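Asks: Below you will find the structure I want to go over with you.
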Amino acid sequence: MSVSVTDQYRRLVSYQGAYDDPEDPQNVQAMQMVLRIEKKDPPERHSLLVAAARAVVLLCLDPRVAAGGEWAAPMDAWCDARIRKIARRARGAQWEAAQGVPGVTATVSGVQARAYVPSRIGDVDKRIAKLQIGGTEVDGPLPGDDAPVDGSAGLLLWVNPGLEMTVGKTAAQVGHASMLGVRLMSETQTADWYAEGCPLDVRLPGPQHWARLVDAAAAGDAVPVQDAGFTEIAPGSMTVIAELARP
């Protein structure tokens, strides 16, 4: 059964964000993300990135972020600022403790990632703030151009093949793409997609396919993510492009 996503949908399709940061770094708004990376049995990269992207959009469409909901105010504050995501890693007891902080966990093929209700950097829960930002590298390929497309996937998130990004950085970028990709759907389609758990896929295109995606984004048929360049890559880099999944 579908739930209303009216407020959540409007917030995402109208998002503009701010161009300037507050003077005090502690006042910067950010969404924390935690990737479960166990030492003895690490996840493979594809499922981890899919879980991260799903966790973000599941949080952004959650009824608790709708007007009057318990998470509405922090979500509004985040969307009124520069959208930032910070990916961290956790395992064992750290991961279990992190489940007690308000957010949404997504599980894909047994692999888990959690997105947290945004907040000021200065207000990040200690259970999250103490988690390591680096060390998120895991192995495994991403599906390419020739992988079959499941129409139930909703969105395909294509990672720029010309950029070198850590798994943590990529997780933040596909998370951004998953929420902005809602712009390609109607409100009814978004509600149905949310009811299904926001299925999506993360892929790596070849250079020619990427060039076509860039053209599609320029024409409004796909949604690009352009990074502010705070970490790892140059400002303005197009990191991920979201498009509707078409079998």
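The way I read the labels, and the way they are meant: chains A, B, ... in the order of the structure tokens, residue 1 as the first residue of every chain, and ligand 1 as the first ligand shown, with later ones counted on from there.
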Show me, as a tab-separated table, the residues of region 187-240 of chain A having an atom within 12 Å of region 52-63 of chain A, each with the closest atom pair and its distance in Å, using only C-alpha atoms.
Replies:
```
residue	atom	partner	partner_atom	distance
A:Glu187	CA	A:Leu61	CA	11.1
A:Thr190	CA	A:Leu61	CA	8.7
A:Ala191	CA	A:Leu61	CA	8.6
A:Asp192	CA	A:Leu61	CA	11.3
A:Trp193	CA	A:Leu58	CA	9.9
A:Tyr194	CA	A:Leu58	CA	7.0
A:Ala195	CA	A:Leu58	CA	9.8
A:Glu196	CA	A:Leu58	CA	10.4
A:Gly197	CA	A:Leu58	CA	7.2
A:Cys198	CA	A:Arg54	CA	6.2
A:Pro199	CA	A:Arg54	CA	7.1
A:Leu200	CA	A:Arg54	CA	7.2
A:Asp201	CA	A:Ala53	CA	8.7
A:Val202	CA	A:Ala53	CA	8.4
A:Val240	CA	A:Ala53	CA	11.5
```
Asks: Take the selection from the previous step and output its residues with N, CA and C atoms, as a CSV table (one decimal), in the first residue's frame.
Replies:
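Okay, selection-v8.csv is ready:
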```
chain,number,residue,atom,x,y,z
A,187,GLU,N,4.6,12.2,-9.1
A,187,GLU,CA,4.4,12.0,-7.7
A,187,GLU,C,3.9,10.6,-7.5
A,190,THR,N,6.5,8.0,-7.9
A,190,THR,CA,7.4,8.1,-6.8
A,190,THR,C,6.8,7.3,-5.6
A,191,ALA,N,5.5,7.5,-5.4
A,191,ALA,CA,4.9,6.8,-4.3
A,191,ALA,C,4.9,5.3,-4.5
A,192,ASP,N,4.7,4.9,-5.7
A,192,ASP,CA,4.7,3.4,-6.0
A,192,ASP,C,6.1,2.9,-5.8
A,193,TRP,N,7.1,3.7,-6.3
A,193,TRP,CA,8.5,3.3,-6.2
A,193,TRP,C,8.9,3.2,-4.7
A,194,TYR,N,8.5,4.1,-3.9
A,194,TYR,CA,8.8,4.1,-2.5
A,194,TYR,C,8.2,2.9,-1.8
A,195,ALA,N,6.9,2.5,-2.2
A,195,ALA,CA,6.3,1.4,-1.6
A,195,ALA,C,7.0,0.1,-2.0
A,196,GLU,N,7.7,0.1,-3.1
A,196,GLU,CA,8.5,-1.1,-3.5
A,196,GLU,C,9.9,-1.2,-2.8
A,197,GLY,N,10.2,-0.1,-2.1
A,197,GLY,CA,11.5,-0.1,-1.4
A,197,GLY,C,12.6,0.7,-2.2
A,198,CYS,N,12.2,1.5,-3.2
A,198,CYS,CA,13.1,2.3,-4.0
A,198,CYS,C,14.2,1.4,-4.7
A,199,PRO,N,13.8,0.4,-5.4
A,199,PRO,CA,14.8,-0.4,-6.1
A,199,PRO,C,15.5,0.4,-7.2
A,200,LEU,N,16.8,0.2,-7.3
A,200,LEU,CA,17.6,0.9,-8.3
A,200,LEU,C,18.9,0.2,-8.5
A,201,ASP,N,19.7,0.6,-9.5
A,201,ASP,CA,21.0,0.0,-9.7
A,201,ASP,C,22.1,1.0,-10.0
A,202,VAL,N,23.3,0.7,-9.6
A,202,VAL,CA,24.5,1.5,-9.8
A,202,VAL,C,25.3,0.9,-10.9
A,240,VAL,N,27.8,11.5,-11.2
A,240,VAL,CA,26.8,10.5,-11.5
A,240,VAL,C,25.7,11.0,-12.3
```
Asks: What parts of region 20-137 of chain A does DSSP call strand (DSSP E)? I'd like the answer as a ChimeraX atom specification.
Replies: /A:29-36,85-90,103-108,111-116,119-120
Asks: Can you tell me, as a ChimeraX atom specification, what residues are no more than 9 Å from region 209-218 of chain A when counting only C-alpha atoms, ignoring any on the same chain fewer than 4 positions away?
Replies: /A:145,158-161,204-205,222-224,238,241-243
Asks: Pick out the residues sitting within 10 Å of Gln32 (chain A), and hand them over as a JSON list (two decimals) with all heavy atoms, in the first residue's frame; count only C-alpha atoms, and ignore anything fewer than 5 positions along from it in its own chain.
Replies:
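Listed below is the output, result03.json:
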```
[["chain", "number", "residue", "atom", "x", "y", "z"],
["A", 56, "VAL", "N", 19.61, 6.53, 1.22],
["A", 56, "VAL", "CA", 19.41, 7.98, 1.14],
["A", 56, "VAL", "C", 18.01, 8.32, 0.65],
["A", 56, "VAL", "O", 17.30, 9.13, 1.26],
["A", 56, "VAL", "CB", 20.47, 8.62, 0.22],
["A", 56, "VAL", "CG1", 20.11, 10.07, -0.07],
["A", 56, "VAL", "CG2", 21.84, 8.55, 0.88],
["A", 84, "ARG", "N", 25.22, 18.19, 1.59],
["A", 84, "ARG", "CA", 26.46, 17.45, 1.85],
["A", 84, "ARG", "C", 26.13, 16.09, 2.45],
["A", 84, "ARG", "O", 25.20, 15.98, 3.26],
["A", 84, "ARG", "CB", 27.34, 18.23, 2.83],
["A", 84, "ARG", "CG", 28.21, 19.29, 2.21],
["A", 84, "ARG", "CD", 29.20, 19.77, 3.27],
["A", 84, "ARG", "NE", 30.18, 20.69, 2.74],
["A", 84, "ARG", "CZ", 30.01, 22.01, 2.66],
["A", 84, "ARG", "NH1", 28.87, 22.52, 3.08],
["A", 84, "ARG", "NH2", 30.94, 22.79, 2.18],
["A", 85, "LYS", "N", 26.91, 15.11, 2.05],
["A", 85, "LYS", "CA", 26.82, 13.78, 2.64],
["A", 85, "LYS", "C", 28.22, 13.36, 3.05],
["A", 85, "LYS", "O", 29.18, 13.61, 2.33],
["A", 85, "LYS", "CB", 26.22, 12.78, 1.65],
["A", 85, "LYS", "CG", 24.81, 13.11, 1.20],
["A", 85, "LYS", "CD", 24.29, 12.05, 0.25],
["A", 85, "LYS", "CE", 22.89, 12.42, -0.20],
["A", 85, "LYS", "NZ", 22.90, 13.57, -1.13],
["A", 86, "ILE", "N", 28.32, 12.72, 4.20],
["A", 86, "ILE", "CA", 29.61, 12.25, 4.70],
["A", 86, "ILE", "C", 29.48, 10.76, 4.96],
["A", 86, "ILE", "O", 28.68, 10.33, 5.79],
["A", 86, "ILE", "CB", 30.01, 13.00, 5.98],
["A", 86, "ILE", "CG1", 30.13, 14.50, 5.71],
["A", 86, "ILE", "CG2", 31.32, 12.44, 6.54],
["A", 86, "ILE", "CD1", 30.39, 15.34, 6.95],
["A", 87, "ALA", "N", 30.24, 9.96, 4.21],
["A", 87, "ALA", "CA", 30.18, 8.51, 4.35],
["A", 87, "ALA", "C", 31.26, 8.01, 5.30],
["A", 87, "ALA", "O", 32.42, 8.42, 5.21],
["A", 87, "ALA", "CB", 30.33, 7.85, 2.98],
["A", 88, "ARG", "N", 30.88, 7.15, 6.21],
["A", 88, "ARG", "CA", 31.79, 6.56, 7.19],
["A", 88, "ARG", "C", 31.64, 5.04, 7.14],
["A", 88, "ARG", "O", 30.73, 4.52, 6.49],
["A", 88, "ARG", "CB", 31.46, 7.07, 8.60],
["A", 88, "ARG", "CG", 31.48, 8.60, 8.72],
["A", 88, "ARG", "CD", 30.92, 9.04, 10.06],
["A", 88, "ARG", "NE", 30.83, 10.49, 10.18],
["A", 88, "ARG", "CZ", 31.78, 11.27, 10.68],
["A", 88, "ARG", "NH1", 32.90, 10.72, 11.13],
["A", 88, "ARG", "NH2", 31.62, 12.57, 10.76],
["A", 103, "GLY", "N", 17.56, 7.26, 11.57],
["A", 103, "GLY", "CA", 17.90, 7.13, 10.17],
["A", 103, "GLY", "C", 17.21, 5.94, 9.56],
["A", 103, "GLY", "O", 16.29, 5.36, 10.15],
["A", 114, "ARG", "N", 23.38, 2.73, 6.00],
["A", 114, "ARG", "CA", 22.38, 3.50, 6.72],
["A", 114, "ARG", "C", 22.59, 4.99, 6.46],
["A", 114, "ARG", "O", 23.73, 5.48, 6.50],
["A", 114, "ARG", "CB", 22.44, 3.22, 8.22],
["A", 114, "ARG", "CG", 21.32, 3.87, 9.05],
["A", 114, "ARG", "CD", 21.35, 3.34, 10.48],
["A", 114, "ARG", "NE", 20.37, 3.95, 11.35],
["A", 114, "ARG", "CZ", 19.09, 3.57, 11.48],
["A", 114, "ARG", "NH1", 18.65, 2.56, 10.75],
["A", 114, "ARG", "NH2", 18.27, 4.18, 12.31],
["A", 115, "ALA", "N", 21.50, 5.69, 6.18],
["A", 115, "ALA", "CA", 21.52, 7.14, 6.02],
["A", 115, "ALA", "C", 20.84, 7.76, 7.24],
["A", 115, "ALA", "O", 19.82, 7.24, 7.73],
["A", 115, "ALA", "CB", 20.79, 7.56, 4.75],
["A", 116, "TYR", "N", 21.40, 8.86, 7.72],
["A", 116, "TYR", "CA", 20.93, 9.47, 8.97],
["A", 116, "TYR", "C", 20.24, 10.81, 8.72],
["A", 116, "TYR", "O", 20.55, 11.52, 7.76],
["A", 116, "TYR", "CB", 22.11, 9.65, 9.93],
["A", 116, "TYR", "CG", 22.65, 8.33, 10.38],
["A", 116, "TYR", "CD1", 23.63, 7.68, 9.63],
["A", 116, "TYR", "CD2", 22.16, 7.70, 11.51],
["A", 116, "TYR", "CE1", 24.11, 6.44, 10.01],
["A", 116, "TYR", "CE2", 22.63, 6.45, 11.90],
["A", 116, "TYR", "CZ", 23.60, 5.83, 11.14],
["A", 116, "TYR", "OH", 24.06, 4.59, 11.51],
["A", 117, "VAL", "N", 19.33, 11.14, 9.60],
["A", 117, "VAL", "CA", 18.65, 12.42, 9.54],
["A", 117, "VAL", "C", 19.71, 13.52, 9.56],
["A", 117, "VAL", "O", 20.58, 13.52, 10.43],
["A", 117, "VAL", "CB", 17.68, 12.58, 10.72],
["A", 117, "VAL", "CG1", 17.02, 13.95, 10.68],
["A", 117, "VAL", "CG2", 16.63, 11.46, 10.71],
["A", 118, "PRO", "N", 19.68, 14.45, 8.60],
["A", 118, "PRO", "CA", 20.72, 15.49, 8.54],
["A", 118, "PRO", "C", 20.76, 16.34, 9.80],
["A", 118, "PRO", "O", 19.77, 16.47, 10.53],
["A", 118, "PRO", "CB", 20.30, 16.32, 7.33],
["A", 118, "PRO", "CG", 19.45, 15.41, 6.51],
["A", 118, "PRO", "CD", 18.72, 14.56, 7.49],
["A", 119, "SER", "N", 21.91, 16.95, 10.02],
["A", 119, "SER", "CA", 22.07, 17.82, 11.19],
["A", 119, "SER", "C", 23.26, 18.75, 10.95],
["A", 119, "SER", "O", 24.01, 18.61, 9.98],
["A", 119, "SER", "CB", 22.33, 16.99, 12.45],
["A", 119, "SER", "OG", 23.63, 16.41, 12.40],
["A", 121, "ILE", "N", 26.96, 19.88, 11.58],
["A", 121, "ILE", "CA", 28.17, 19.11, 11.86],
["A", 121, "ILE", "C", 28.44, 19.08, 13.36],
["A", 121, "ILE", "O", 28.85, 18.06, 13.92],
["A", 121, "ILE", "CB", 29.38, 19.71, 11.11],
["A", 121, "ILE", "CG1", 29.22, 19.52, 9.60],
["A", 121, "ILE", "CG2", 30.68, 19.11, 11.61],
["A", 121, "ILE", "CD1", 29.30, 18.10, 9.14],
["A", 124, "VAL", "N", 26.40, 16.23, 15.38],
["A", 124, "VAL", "CA", 26.42, 14.82, 15.00],
["A", 124, "VAL", "C", 26.57, 13.94, 16.24],
["A", 124, "VAL", "O", 27.42, 14.19, 17.10],
["A", 124, "VAL", "CB", 27.57, 14.53, 14.01],
["A", 124, "VAL", "CG1", 27.67, 13.04, 13.72],
["A", 124, "VAL", "CG2", 27.35, 15.31, 12.71],
["A", 125, "ASP", "N", 25.71, 12.94, 16.33],
["A", 125, "ASP", "CA", 25.73, 12.02, 17.46],
["A", 125, "ASP", "C", 27.13, 11.40, 17.61],
["A", 125, "ASP", "O", 27.77, 11.03, 16.63],
["A", 125, "ASP", "CB", 24.68, 10.92, 17.22],
["A", 125, "ASP", "CG", 24.47, 10.05, 18.44],
["A", 125, "ASP", "OD1", 25.36, 9.22, 18.73],
["A", 125, "ASP", "OD2", 23.41, 10.18, 19.09],
["A", 128, "ILE", "N", 28.15, 8.30, 15.80],
["A", 128, "ILE", "CA", 28.47, 8.43, 14.38],
["A", 128, "ILE", "C", 29.77, 9.21, 14.19],
["A", 128, "ILE", "O", 30.63, 8.83, 13.39],
["A", 128, "ILE", "CB", 27.32, 9.14, 13.63],
["A", 128, "ILE", "CG1", 26.00, 8.41, 13.87],
["A", 128, "ILE", "CG2", 27.63, 9.26, 12.15],
["A", 128, "ILE", "CD1", 26.00, 6.96, 13.44],
["A", 129, "ALA", "N", 29.93, 10.29, 14.94],
["A", 129, "ALA", "CA", 31.09, 11.17, 14.77],
["A", 129, "ALA", "C", 32.41, 10.43, 14.98],
["A", 129, "ALA", "O", 33.43, 10.79, 14.38],
["A", 129, "ALA", "CB", 30.99, 12.35, 15.74],
["A", 172, "ALA", "N", 28.40, 8.61, -1.45],
["A", 172, "ALA", "CA", 27.75, 9.91, -1.26],
["A", 172, "ALA", "C", 27.17, 10.43, -2.57],
["A", 172, "ALA", "O", 26.07, 10.99, -2.61],
["A", 172, "ALA", "CB", 28.74, 10.91, -0.69]]
```
Asks: Could you tell me which of A:Ala72, A:Leu155, A:Ala93, A:Ala51 comes closest to Thr105 (chain A) if we count only C-alpha atoms?
Replies: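 Among the listed residues, A:Ala51 lies closest to Thr105 (chain A).
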Asks: Can you check which residues of region 6-185 of chain A DSSP gives as helix (DSSP H, G or I) on the backbone and send them as a PyMOL selection string?
Replies: chain A and resi 6-13+25-27+45-60+63-65+72-79+92-98+121-123+126-129+151-153+167-184
Asks: If we count only C-alpha atoms and set the cut-off at 9 Å, which residues sit around Arg203 (chain A), ignoring sequence neighbours fewer than 5 positions away in its own chain? Please answer as a count of residues only.
Replies: 10
